[in-house]
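Single-structure report; data block below.
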Amino acid sequence: MAIYGFEWDDGNVFHIERHEFTPDEVEEVFTGDHKVRRTRQQRYIALGETLDGRLAFVVFRRLPGNLVRVITARASRWSK
């Protein structure tokens with residue numbers, strides 16, 4: 001899945017910050033080795049890690065133009 005950018009606003013930035021993530025860390029998940037699964041609600045889940053090795057679980061929507069709108073991000077106990 002090619003990603004050309006992310007849609008950030010105060011709402012989703014505030015939401016991920018509550019889970020101790022920054023937009024930069026979430027975007028790092030998509031640049032490395034990650035797995036994506038589709039949910040029934042037209043959302044997607046990405047499992048991957050930040051550049052410093054922090055494991056993350058990211059829920060997002062795909063937008064037109066191959067943009068991603070992050071809904072939430074949390075630390076994950078997932079292992080490779």
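Residue names in the structure tokens use chain letters A, B, ... in the order shown, residue numbers from 1 in each chain, and ligand numbers from 1 in the order shown.
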Distance query Arg69 in chain A at most 9 Å, only C-alpha atoms, self and fewer than 2 positions along chain excluded, as a PyMOL selection string: chain A and resi 5-8+12+59-63+67+71
Residues near Gly48 in chain A, cut-off 8 Å, only C-alpha atoms, skip fewer than 6 positions along chain, as number ranges by chain: A: 29-30, 32-35, 55-57
Based on the selection just made, write C-alpha atoms of those residues as a tab-separated table (two decimals), in the first residue's frame.
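Okay, part_18.tsv is ready:
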```
chain	number	residue	atom	x	y	z
A	29	VAL	CA	5.75	2.82	11.72
A	30	PHE	CA	4.74	3.07	8.05
A	32	GLY	CA	9.66	0.38	8.27
A	33	ASP	CA	8.66	-3.25	8.15
A	34	HIS	CA	5.01	-3.30	9.18
A	35	LYS	CA	1.88	-5.37	8.69
A	55	LEU	CA	6.25	-1.45	18.98
A	56	ALA	CA	3.03	0.23	17.87
A	57	PHE	CA	-0.57	-0.64	17.02
```
Test item, strand (DSSP E or B) assignment across chain A, answer as a PyMOL selection string: chain A and resi 5-6+35-38+44-49+55-63+67-75
Distance of CA of Pro64 in chain A from CA of Arg40 in chain A, expressed in Å to one decimal place: 18.8 Å
All residues 6 Å or closer to range 14-23 of chain A, only C-alpha atoms, same chain fewer than 2 positions away omitted, as a ChimeraX atom specification: /A:10-12,25-26,72-74
Residues of chain A in helix (DSSP H, G or I), written as a ChimeraX atom specification: /A:10-18,23-31
Next, dump the selected residues to file, keeping only C-alpha atoms, as an mmCIF file, in the first residue's frame.
```
data_model
loop_
_atom_site.group_PDB
_atom_site.id
_atom_site.type_symbol
_atom_site.label_atom_id
_atom_site.label_comp_id
_atom_site.auth_asym_id
_atom_site.auth_seq_id
_atom_site.Cartn_x
_atom_site.Cartn_y
_atom_site.Cartn_z
ATOM 1 C CA ASP A 10 -5.604 18.848 16.619
ATOM 2 C CA GLY A 11 -8.092 16.019 17.231
ATOM 3 C CA ASN A 12 -6.053 13.045 16.114
ATOM 4 C CA VAL A 13 -2.767 14.527 17.366
ATOM 5 C CA PHE A 14 -4.313 15.003 20.829
ATOM 6 C CA HIS A 15 -5.671 11.456 20.750
ATOM 7 C CA ILE A 16 -2.334 9.792 19.993
ATOM 8 C CA GLU A 17 -0.535 12.031 22.497
ATOM 9 C CA ARG A 18 -2.839 10.621 25.198
ATOM 10 C CA PRO A 23 2.864 12.108 14.728
ATOM 11 C CA ASP A 24 6.503 11.523 13.747
ATOM 12 C CA GLU A 25 6.607 8.221 15.641
ATOM 13 C CA VAL A 26 3.372 7.043 14.022
ATOM 14 C CA GLU A 27 4.666 7.918 10.550
ATOM 15 C CA GLU A 28 7.859 5.964 11.306
ATOM 16 C CA VAL A 29 5.746 2.819 11.718
ATOM 17 C CA PHE A 30 4.737 3.071 8.048
ATOM 18 C CA THR A 31 8.294 3.581 6.780
#
```
